[in-house]
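Asks: Pasting target.pdb here (PDB, C-alpha atoms, pLDDT in the B column):
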MODEL        1
ATOM      1  CA  MET A1191       0.000   0.000   0.000  1.00 46.00           C
ATOM      2  CA  LYS A1192       1.439   3.362  -1.032  1.00 44.00           C
ATOM      3  CA  ILE A1193       1.819   5.843   1.804  1.00 47.00           C
ATOM      4  CA  LEU A1194       0.090   9.176   1.211  1.00 46.00           C
ATOM      5  CA  THR A1195       2.702  11.917   1.366  1.00 48.00           C
ATOM      6  CA  ARG A1196       2.983  15.484   0.153  1.00 47.00           C
ATOM      7  CA  ARG A1197       5.260  14.385  -2.666  1.00 47.00           C
ATOM      8  CA  ASN A1198       2.992  11.594  -3.816  1.00 52.00           C
ATOM      9  CA  MET A1199       0.015  13.931  -3.695  1.00 49.00           C
ATOM     10  CA  MET A1200       1.819  16.534  -5.758  1.00 47.00           C
ATOM     11  CA  LYS A1201       2.810  13.912  -8.305  1.00 47.00           C
ATOM     12  CA  SER A1202      -0.814  12.820  -8.501  1.00 47.00           C
ATOM     13  CA  GLY A1203      -2.045  16.385  -8.920  1.00 45.00           C
ATOM     14  CA  LEU A1204      -3.922  16.500  -5.614  1.00 46.00           C
ATOM     15  CA  LEU A1205      -1.977  19.567  -4.531  1.00 47.00           C
ATOM     16  CA  SER A1206      -1.890  22.378  -7.049  1.00 42.00           C
ATOM     17  CA  ALA A1207      -2.015  26.145  -7.180  1.00 38.00           C
ATOM     18  CA  GLY A1208      -4.903  27.604  -5.254  1.00 38.00           C
ATOM     19  CA  ALA A1209      -6.609  24.234  -4.703  1.00 41.00           C
ATOM     20  CA  SER A1210      -5.506  22.299  -1.640  1.00 42.00           C
ATOM     21  CA  LEU A1211      -7.691  19.403  -0.528  1.00 40.00           C
ATOM     22  CA  LEU A1212      -6.177  19.477   2.936  1.00 43.00           C
ATOM     23  CA  THR A1213      -6.513  21.793   5.875  1.00 47.00           C
ATOM     24  CA  LYS A1214      -3.318  23.322   7.191  1.00 47.00           C
ATOM     25  CA  GLY A1215      -3.495  20.996  10.173  1.00 50.00           C
ATOM     26  CA  SER A1216      -3.677  17.854   8.056  1.00 48.00           C
ATOM     27  CA  PHE A1217      -1.020  19.225   5.680  1.00 46.00           C
ATOM     28  CA  ALA A1218       1.290  19.744   8.651  1.00 51.00           C
ATOM     29  CA  ALA A1219       0.513  16.222   9.878  1.00 51.00           C
ATOM     30  CA  LEU A1220       1.517  14.798   6.492  1.00 47.00           C
ATOM     31  CA  ALA A1221       4.694  16.859   6.549  1.00 50.00           C
ATOM     32  CA  GLN A1222       5.566  15.463   9.971  1.00 51.00           C
ATOM     33  CA  GLN A1223       4.780  11.907   8.867  1.00 49.00           C
ATOM     34  CA  GLU A1224       7.019  12.254   5.845  1.00 46.00           C
ATOM     35  CA  SER A1225       9.873  13.800   7.809  1.00 47.00           C
ATOM     36  CA  GLN A1226       9.878  10.757  10.106  1.00 44.00           C
ATOM     37  CA  THR A1227      10.160   8.309   7.220  1.00 40.00           C
ATOM     38  CA  ASP A1228      13.321   7.660   5.251  1.00 37.00           C
ATOM     39  CA  ARG A1229      12.415   8.518   1.648  1.00 43.00           C
ATOM     40  CA  ARG A1230      15.522   8.074  -0.419  1.00 41.00           C
ATOM     41  CA  ALA A1231      14.024   6.314  -3.442  1.00 37.00           C
ATOM     42  CA  ASP A1232      14.905   7.924  -6.757  1.00 42.00           C
ATOM     43  CA  GLU A1233      11.244   8.236  -7.665  1.00 48.00           C
ATOM     44  CA  GLU A1234      10.752  10.573  -4.723  1.00 45.00           C
ATOM     45  CA  LEU A1235      13.064  13.097  -6.408  1.00 47.00           C
ATOM     46  CA  TYR A1236      10.752  13.114  -9.429  1.00 51.00           C
ATOM     47  CA  ASN A1237      11.989  14.753 -12.614  1.00 53.00           C
ATOM     48  CA  ALA A1238       9.281  16.160 -14.842  1.00 55.00           C
ATOM     49  CA  LYS A1239       9.341  15.110 -18.501  1.00 59.00           C
ATOM     50  CA  GLY A1240      12.076  16.974 -20.337  1.00 60.00           C
ATOM     51  CA  LEU A1241      12.983  18.908 -17.223  1.00 61.00           C
ATOM     52  CA  LEU A1242      16.226  17.802 -15.601  1.00 52.00           C
ATOM     53  CA  ALA A1243      16.357  18.189 -11.824  1.00 51.00           C
ATOM     54  CA  GLY A1244      12.694  19.131 -11.868  1.00 60.00           C
ATOM     55  CA  GLY A1245      12.561  18.830  -8.106  1.00 64.00           C
ATOM     56  CA  GLN A1246      14.459  22.093  -7.811  1.00 70.00           C
ATOM     57  CA  LEU A1247      11.439  23.841  -9.316  1.00 73.00           C
ATOM     58  CA  GLU A1248       9.064  22.568  -6.627  1.00 71.00           C
ATOM     59  CA  ILE A1249       9.253  24.791  -3.561  1.00 73.00           C
ATOM     60  CA  ARG A1250       6.724  22.626  -1.714  1.00 69.00           C
ATOM     61  CA  MET A1251       9.202  19.752  -1.664  1.00 70.00           C
ATOM     62  CA  SER A1252      10.871  21.597   1.212  1.00 68.00           C
ATOM     63  CA  ALA A1253       8.395  24.319   2.207  1.00 74.00           C
ATOM     64  CA  SER A1254       6.996  24.108   5.701  1.00 78.00           C
ATOM     65  CA  THR A1255       3.475  25.118   6.627  1.00 79.00           C
ATOM     66  CA  LEU A1256       4.998  26.400   9.867  1.00 83.00           C
ATOM     67  CA  ASN A1257       7.074  29.035   8.043  1.00 84.00           C
ATOM     68  CA  PRO A1258       6.153  32.430   9.532  1.00 89.00           C
ATOM     69  CA  ASP A1259       6.757  34.221   6.213  1.00 91.00           C
ATOM     70  CA  LEU A1260       3.282  34.508   4.665  1.00 91.00           C
ATOM     71  CA  ASP A1261       4.670  35.596   1.298  1.00 93.00           C
ATOM     72  CA  LEU A1262       6.728  32.416   1.004  1.00 90.00           C
ATOM     73  CA  LEU A1263       3.735  30.318   2.007  1.00 89.00           C
ATOM     74  CA  GLU A1264       1.643  32.008  -0.675  1.00 91.00           C
ATOM     75  CA  VAL A1265       4.284  31.293  -3.305  1.00 91.00           C
ATOM     76  CA  ALA A1266       4.333  27.636  -2.245  1.00 87.00           C
ATOM     77  CA  GLU A1267       0.549  27.328  -2.281  1.00 87.00           C
ATOM     78  CA  ARG A1268       0.076  28.996  -5.689  1.00 90.00           C
ATOM     79  CA  MET A1269       2.967  27.486  -7.629  1.00 86.00           C
ATOM     80  CA  LEU A1270       2.240  24.755 -10.169  1.00 83.00           C
ATOM     81  CA  PRO A1271       4.418  21.665  -9.588  1.00 74.00           C
ATOM     82  CA  PHE A1272       7.588  21.401 -11.689  1.00 76.00           C
ATOM     83  CA  ASN A1273       6.555  24.299 -13.939  1.00 82.00           C
ATOM     84  CA  PRO A1274       9.267  26.860 -14.861  1.00 86.00           C
ATOM     85  CA  GLU A1275       6.716  29.447 -16.001  1.00 90.00           C
ATOM     86  CA  SER A1276       4.753  29.148 -12.784  1.00 89.00           C
ATOM     87  CA  TRP A1277       7.995  29.343 -10.794  1.00 90.00           C
ATOM     88  CA  HIS A1278       8.901  32.599 -12.554  1.00 93.00           C
ATOM     89  CA  ALA A1279       5.407  34.100 -12.281  1.00 95.00           C
ATOM     90  CA  GLU A1280       4.862  33.405  -8.590  1.00 94.00           C
ATOM     91  CA  TRP A1281       8.273  34.606  -7.441  1.00 94.00           C
ATOM     92  CA  GLN A1282       7.872  37.765  -9.546  1.00 96.00           C
ATOM     93  CA  ARG A1283       4.423  38.287  -8.085  1.00 97.00           C
ATOM     94  CA  GLY A1284       5.952  38.108  -4.599  1.00 96.00           C
ATOM     95  CA  GLY A1285       8.595  40.625  -5.625  1.00 97.00           C
ATOM     96  CA  ASP A1286       5.983  43.011  -6.995  1.00 97.00           C
ATOM     97  CA  MET A1287       3.992  42.828  -3.744  1.00 97.00           C
ATOM     98  CA  ASN A1288       7.047  43.649  -1.656  1.00 97.00           C
ATOM     99  CA  LEU A1289       8.069  46.435  -4.018  1.00 98.00           C
ATOM    100  CA  ALA A1290       4.626  48.039  -3.644  1.00 98.00           C
ATOM    101  CA  ARG A1291       4.956  47.851   0.148  1.00 97.00           C
ATOM    102  CA  ALA A1292       8.446  49.357   0.030  1.00 98.00           C
ATOM    103  CA  GLU A1293       7.316  52.275  -2.122  1.00 98.00           C
ATOM    104  CA  ARG A1294       4.364  52.956   0.170  1.00 98.00           C
ATOM    105  CA  LEU A1295       6.581  52.924   3.255  1.00 97.00           C
ATOM    106  CA  GLU A1296       9.117  55.201   1.587  1.00 97.00           C
ATOM    107  CA  LYS A1297       6.376  57.730   0.797  1.00 97.00           C
ATOM    108  CA  GLU A1298       5.380  57.632   4.463  1.00 97.00           C
ATOM    109  CA  GLY A1299       8.962  58.438   5.446  1.00 96.00           C
ATOM    110  CA  LEU A1300       9.597  55.044   7.088  1.00 97.00           C
ATOM    111  CA  LYS A1301      13.066  54.558   5.629  1.00 97.00           C
ATOM    112  CA  VAL A1302      14.210  51.543   7.653  1.00 97.00           C
ATOM    113  CA  SER A1303      11.035  49.560   6.943  1.00 97.00           C
ATOM    114  CA  ALA A1304      11.116  50.575   3.270  1.00 97.00           C
ATOM    115  CA  ASN A1305      14.744  49.406   3.092  1.00 97.00           C
ATOM    116  CA  GLU A1306      13.754  45.974   4.413  1.00 97.00           C
ATOM    117  CA  PHE A1307      10.959  45.546   1.871  1.00 97.00           C
ATOM    118  CA  TYR A1308      13.147  46.664  -1.040  1.00 97.00           C
ATOM    119  CA  LEU A1309      15.633  43.973   0.009  1.00 95.00           C
ATOM    120  CA  ARG A1310      12.813  41.421   0.263  1.00 96.00           C
ATOM    121  CA  ALA A1311      11.650  42.366  -3.228  1.00 97.00           C
ATOM    122  CA  ALA A1312      15.198  41.836  -4.508  1.00 94.00           C
ATOM    123  CA  ARG A1313      15.324  38.312  -3.095  1.00 92.00           C
ATOM    124  CA  PHE A1314      11.989  37.400  -4.691  1.00 94.00           C
ATOM    125  CA  TYR A1315      13.081  38.832  -8.041  1.00 95.00           C
ATOM    126  CA  GLN A1316      16.317  36.859  -7.781  1.00 91.00           C
ATOM    127  CA  ASP A1317      14.343  33.615  -7.551  1.00 90.00           C
ATOM    128  CA  ALA A1318      12.035  34.734 -10.367  1.00 92.00           C
ATOM    129  CA  GLU A1319      15.042  35.341 -12.619  1.00 90.00           C
ATOM    130  CA  LEU A1320      16.916  32.244 -11.471  1.00 85.00           C
ATOM    131  CA  TYR A1321      15.868  29.711 -14.124  1.00 84.00           C
ATOM    132  CA  LEU A1322      15.202  32.047 -17.055  1.00 87.00           C
ATOM    133  CA  PRO A1323      17.584  31.272 -19.943  1.00 84.00           C
ATOM    134  CA  GLU A1324      19.816  34.072 -21.163  1.00 83.00           C
ATOM    135  CA  SER A1325      17.854  34.110 -24.419  1.00 89.00           C
ATOM    136  CA  ASP A1326      14.603  34.900 -22.597  1.00 91.00           C
ATOM    137  CA  PRO A1327      13.725  38.593 -23.161  1.00 94.00           C
ATOM    138  CA  ARG A1328      12.471  38.831 -19.570  1.00 94.00           C
ATOM    139  CA  MET A1329      15.769  37.825 -18.010  1.00 92.00           C
ATOM    140  CA  LEU A1330      17.902  40.972 -18.333  1.00 91.00           C
ATOM    141  CA  PRO A1331      15.141  43.497 -17.461  1.00 94.00           C
ATOM    142  CA  LEU A1332      14.286  41.459 -14.374  1.00 95.00           C
ATOM    143  CA  PHE A1333      17.947  41.207 -13.381  1.00 90.00           C
ATOM    144  CA  ASN A1334      18.300  44.976 -13.712  1.00 91.00           C
ATOM    145  CA  LYS A1335      15.161  45.409 -11.610  1.00 95.00           C
ATOM    146  CA  LEU A1336      16.731  43.190  -8.961  1.00 92.00           C
ATOM    147  CA  LEU A1337      19.816  45.427  -8.892  1.00 88.00           C
ATOM    148  CA  ASP A1338      17.585  48.493  -8.690  1.00 95.00           C
ATOM    149  CA  MET A1339      15.969  47.115  -5.540  1.00 96.00           C
ATOM    150  CA  TYR A1340      19.356  47.031  -3.815  1.00 91.00           C
ATOM    151  CA  LYS A1341      20.155  50.559  -4.994  1.00 92.00           C
ATOM    152  CA  ARG A1342      16.859  51.911  -3.704  1.00 96.00           C
ATOM    153  CA  ALA A1343      17.242  50.060  -0.395  1.00 96.00           C
ATOM    154  CA  TRP A1344      20.747  51.347   0.216  1.00 92.00           C
ATOM    155  CA  ALA A1345      19.790  54.904  -0.746  1.00 94.00           C
ATOM    156  CA  LEU A1346      17.544  54.833   2.329  1.00 96.00           C
ATOM    157  CA  VAL A1347      19.850  52.944   4.712  1.00 94.00           C
ATOM    158  CA  PRO A1348      23.494  52.911   3.578  1.00 89.00           C
ATOM    159  CA  PRO A1349      25.107  49.475   3.930  1.00 85.00           C
ATOM    160  CA  ALA A1350      28.260  48.816   5.923  1.00 81.00           C
ATOM    161  CA  TYR A1351      30.324  48.556   2.725  1.00 81.00           C
ATOM    162  CA  GLU A1352      31.104  50.504  -0.428  1.00 84.00           C
ATOM    163  CA  ARG A1353      29.477  49.839  -3.774  1.00 81.00           C
ATOM    164  CA  LEU A1354      32.012  49.582  -6.608  1.00 82.00           C
ATOM    165  CA  GLU A1355      31.930  49.138 -10.378  1.00 85.00           C
ATOM    166  CA  ILE A1356      34.679  46.912 -11.806  1.00 83.00           C
ATOM    167  CA  PRO A1357      35.496  47.378 -15.518  1.00 89.00           C
ATOM    168  CA  TYR A1358      35.148  44.131 -17.466  1.00 87.00           C
ATOM    169  CA  GLU A1359      35.245  43.646 -21.249  1.00 91.00           C
ATOM    170  CA  GLY A1360      33.788  47.040 -22.009  1.00 92.00           C
ATOM    171  CA  ASN A1361      31.158  46.814 -19.283  1.00 89.00           C
ATOM    172  CA  THR A1362      31.149  47.035 -15.506  1.00 86.00           C
ATOM    173  CA  LEU A1363      30.415  44.474 -12.816  1.00 80.00           C
ATOM    174  CA  PRO A1364      28.788  45.541  -9.528  1.00 76.00           C
ATOM    175  CA  ALA A1365      30.897  44.789  -6.468  1.00 80.00           C
ATOM    176  CA  TYR A1366      30.910  45.561  -2.754  1.00 80.00           C
ATOM    177  CA  PHE A1367      33.934  46.382  -0.617  1.00 82.00           C
ATOM    178  CA  SER A1368      33.923  45.965   3.155  1.00 80.00           C
ATOM    179  CA  LYS A1369      36.945  47.527   4.866  1.00 77.00           C
ATOM    180  CA  HIS A1370      38.699  45.833   7.758  1.00 76.00           C
ATOM    181  CA  ARG A1371      38.145  47.204  11.251  1.00 76.00           C
ATOM    182  CA  GLY A1372      41.724  46.936  12.460  1.00 76.00           C
ATOM    183  CA  ALA A1373      44.275  49.593  13.190  1.00 80.00           C
ATOM    184  CA  ALA A1374      45.278  51.898  10.351  1.00 79.00           C
ATOM    185  CA  GLY A1375      48.295  50.628   8.453  1.00 80.00           C
ATOM    186  CA  GLN A1376      47.927  47.070   9.710  1.00 81.00           C
ATOM    187  CA  PRO A1377      47.859  44.540   6.844  1.00 81.00           C
ATOM    188  CA  PHE A1378      44.858  42.226   6.579  1.00 79.00           C
ATOM    189  CA  PRO A1379      44.054  39.400   4.171  1.00 78.00           C
ATOM    190  CA  VAL A1380      41.503  40.116   1.457  1.00 74.00           C
ATOM    191  CA  ALA A1381      38.595  37.776   0.861  1.00 72.00           C
ATOM    192  CA  TYR A1382      37.084  37.947  -2.608  1.00 68.00           C
ATOM    193  CA  GLY A1383      33.563  36.521  -2.743  1.00 71.00           C
ATOM    194  CA  PHE A1384      31.709  35.909  -5.978  1.00 67.00           C
ATOM    195  CA  GLY A1385      28.214  34.805  -6.865  1.00 65.00           C
ATOM    196  CA  VAL A1386      27.862  31.775  -9.118  1.00 60.00           C
ATOM    197  CA  ALA A1387      25.162  31.120 -11.712  1.00 56.00           C
ATOM    198  CA  ASP A1388      22.254  30.714  -9.309  1.00 58.00           C
ATOM    199  CA  SER A1389      23.299  32.983  -6.447  1.00 61.00           C
ATOM    200  CA  SER A1390      24.665  36.359  -5.488  1.00 61.00           C
ATOM    201  CA  VAL A1391      27.181  37.474  -2.906  1.00 56.00           C
ATOM    202  CA  VAL A1392      24.617  39.691  -1.188  1.00 52.00           C
ATOM    203  CA  GLY A1393      21.811  37.161  -1.420  1.00 48.00           C
ATOM    204  CA  GLY A1394      23.960  34.219  -0.351  1.00 47.00           C
ATOM    205  CA  GLY A1395      25.826  31.430  -2.060  1.00 47.00           C
ATOM    206  CA  GLY A1396      28.793  31.668  -4.362  1.00 47.00           C
ATOM    207  CA  GLY A1397      32.408  31.084  -3.483  1.00 50.00           C
ATOM    208  CA  ALA A1398      35.391  32.989  -2.159  1.00 47.00           C
ATOM    209  CA  TYR A1399      39.123  33.394  -2.561  1.00 50.00           C
ATOM    210  CA  THR A1400      41.437  34.676   0.152  1.00 48.00           C
ATOM    211  CA  ALA A1401      44.687  36.504  -0.576  1.00 50.00           C
ATOM    212  CA  LYS A1402      47.307  37.864   1.795  1.00 49.00           C
TER
ENDMDL
END
Write the structure described by the file as structure tokens, please.
Replies:
Amino acid sequence: MKILTRRNMMKSGLLSAGASLLTKGSFAALAQQESQTDRRADEELYNAKGLLAGGQLEIRMSASTLNPDLDLLEVAERMLPFNPESWHAEWQRGGDMNLARAERLEKEGLKVSANEFYLRAARFYQDAELYLPESDPRMLPLFNKLLDMYKRAWALVPPAYERLEIPYEGNTLPAYFSKHRGAAGQPFPVAYGFGVADSSVVGGGGGAYTAK
């Protein structure tokens, strides 16, 4: 007899955007049941047809109904399983909601709160842009919008580092420089952090080099 789990229900189409057949209490009970069971079978990873590593596009594979962030819960509840377009649309929708809140708070003169919501919008836009191919006409405008969120946030509350532009092949790359807090003239090693394809230094992820 096949055990009813969140993953099996999603694969069967019982959980989809805007139409959950379970109450939050029963959904949480299923989540707890699944977390207590060792589910390492390959089929549990589930790749959609023609979509390698499709599980990465299913936020509800790891989303918790106990998450206090209501925006993240809404993304998880609305998103169609293993659907790149739905992934993009729902994360962008979350970014737009947080951008609207940030702009409203800025108009009210609440700079610190507006800063926080601009940064939240940036993180949602980063996920919305994450799996768009470079050839997609939406990718670059959305990436530039993501960068604009950081600029608008830091215009209200300056960060504890300098924003730099590094020349590269006729263009510039955004960078951030955090000075050491030691005595003047004392040498310190330099750590160079860089964001990889699906991350950013500010948002998390990437790698780092250290030089003396």
Asks: May I ask which of the residues A:Ser1254, A:Asn1288, A:Gln1282, A:Ser1276 is the closest one to Ala1318 in chain A, counting only C-alpha atoms?
Replies: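 Answer, going by the shortest atom-to-atom distance: A:Gln1282.
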Asks: Provide the CA of Pro1323 in chain A to CA of Leu1337 in chain A distance in Å, to one decimal place.
Replies: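 Going from CA of Pro1323 in chain A over to CA of Leu1337 in chain A, I get 18.1 Å.
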Asks: Name the closest residue to Leu1346 in chain A among the candidates A:Glu1296, A:Glu1267, A:Asp1259, A:Glu1248; distances are taken between atoms, counting all atoms listed in the file.
Replies: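 Of A:Glu1296, A:Glu1267, A:Asp1259, A:Glu1248, the one nearest Leu1346 in chain A, counting all atoms listed in the file, is A:Glu1296.
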Asks: Could you jot down the CA of Ile1356 in chain A to CA of Gly1383 in chain A separation for me, Å, one decimal place?
Replies: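 We find that CA of Ile1356 in chain A and CA of Gly1383 in chain A lie 13.8 Å from each other.
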Asks: As an exercise, work out the distance from CA of Leu1336 in chain A to CA of Asn1273 in chain A in Å and give it to one decimal place.
Replies: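 A separation of 22.0 Å between them.
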Asks: Which residues match the PyMOL selection byres ((chain A and resi 1253) around 10) in the file above, as a VMD selection string?
Replies: chain A and resid 1221 1248 to 1252 1254 to 1257 1262 to 1263 1265 to 1267
Asks: Store the residues of this selection in a file with C-alpha atoms, as a short mmCIF file (atom, residue, chain, number, x, y, z; two decimals), in the frame of the given file.
Replies:
data_model
loop_
_atom_site.label_atom_id
_atom_site.label_comp_id
_atom_site.auth_asym_id
_atom_site.auth_seq_id
_atom_site.Cartn_x
_atom_site.Cartn_y
_atom_site.Cartn_z
CA ALA A 1221 4.69 16.86 6.55
CA GLU A 1248 9.06 22.57 -6.63
CA ILE A 1249 9.25 24.79 -3.56
CA ARG A 1250 6.72 22.63 -1.71
CA MET A 1251 9.20 19.75 -1.66
CA SER A 1252 10.87 21.60 1.21
CA SER A 1254 7.00 24.11 5.70
CA THR A 1255 3.48 25.12 6.63
CA LEU A 1256 5.00 26.40 9.87
CA ASN A 1257 7.07 29.04 8.04
CA LEU A 1262 6.73 32.42 1.00
CA LEU A 1263 3.74 30.32 2.01
CA VAL A 1265 4.28 31.29 -3.30
CA ALA A 1266 4.33 27.64 -2.24
CA GLU A 1267 0.55 27.33 -2.28
#
Asks: Can you tell me which residues surround range 1347-1352 of chain A at a distance of at most 8 Å, considering only C-alpha atoms, apart from same-chain residues fewer than 6 positions away, and format the answer as a compact mmCIF listing (two decimals) with C-alpha atoms, in the coordinates of the input?
Replies:
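Contents of around.txt, as written:
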# COMPACT_ATOMS: atom_id res chain seq x y z
CA LYS A 1301 13.07 54.56 5.63
CA VAL A 1302 14.21 51.54 7.65
CA ASN A 1305 14.74 49.41 3.09
CA TYR A 1366 30.91 45.56 -2.75
CA PHE A 1367 33.93 46.38 -0.62
CA SER A 1368 33.92 45.96 3.16
CA LYS A 1369 36.94 47.53 4.87
Asks: The PyMOL selection byres ((chain A and resi 1308-1313) around 6) on the file shown: which residues, as a PyMOL selection string?
Replies: chain A and resi 1285+1288-1289+1292+1305-1307+1314-1316+1336+1339+1343
Asks: Could you give me the axis-aligned bounding box of range 1367-1382 of chain A, with 6 Å of padding per side, as centre plus edge lengths in Å to one decimal, as JSON?
Replies:
{"center_x": 41.1, "center_y": 44.8, "center_z": 5.3, "size_x": 26.4, "size_y": 26.1, "size_z": 27.8}
Asks: Quick one: of A:Ala1345, A:Ala1373, A:Leu1247, A:Ala1365, who's nearest to Phe1272 in chain A, counting all atoms listed in the file?
Replies: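 Closest to Phe1272 in chain A of all the choices is A:Leu1247.
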Asks: So which one's closest to Arg1283 in chain A, A:Pro1271, A:Val1380, A:Trp1344, A:Asp1261? Using all atoms listed in the file, please.
Replies: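 The answer is A:Asp1261, which sits nearest to Arg1283 in chain A.
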Asks: Around (17.4, 40.1, -15.4), as given in the file, which residues come within 12 Å? Count only C-alpha atoms and list them as a list in words.
Replies: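 Here the neighbourhood of the point contains His1278, Gln1282, Ala1312, Tyr1315, Gln1316, Asp1317, Ala1318, Glu1319, Leu1320, Tyr1321, Leu1322, Pro1323, Glu1324, Ser1325, Asp1326, Pro1327, Arg1328, Met1329, Leu1330, Pro1331, Leu1332, Phe1333, Asn1334, Lys1335, Leu1336, Leu1337 and Asp1338 of chain A.
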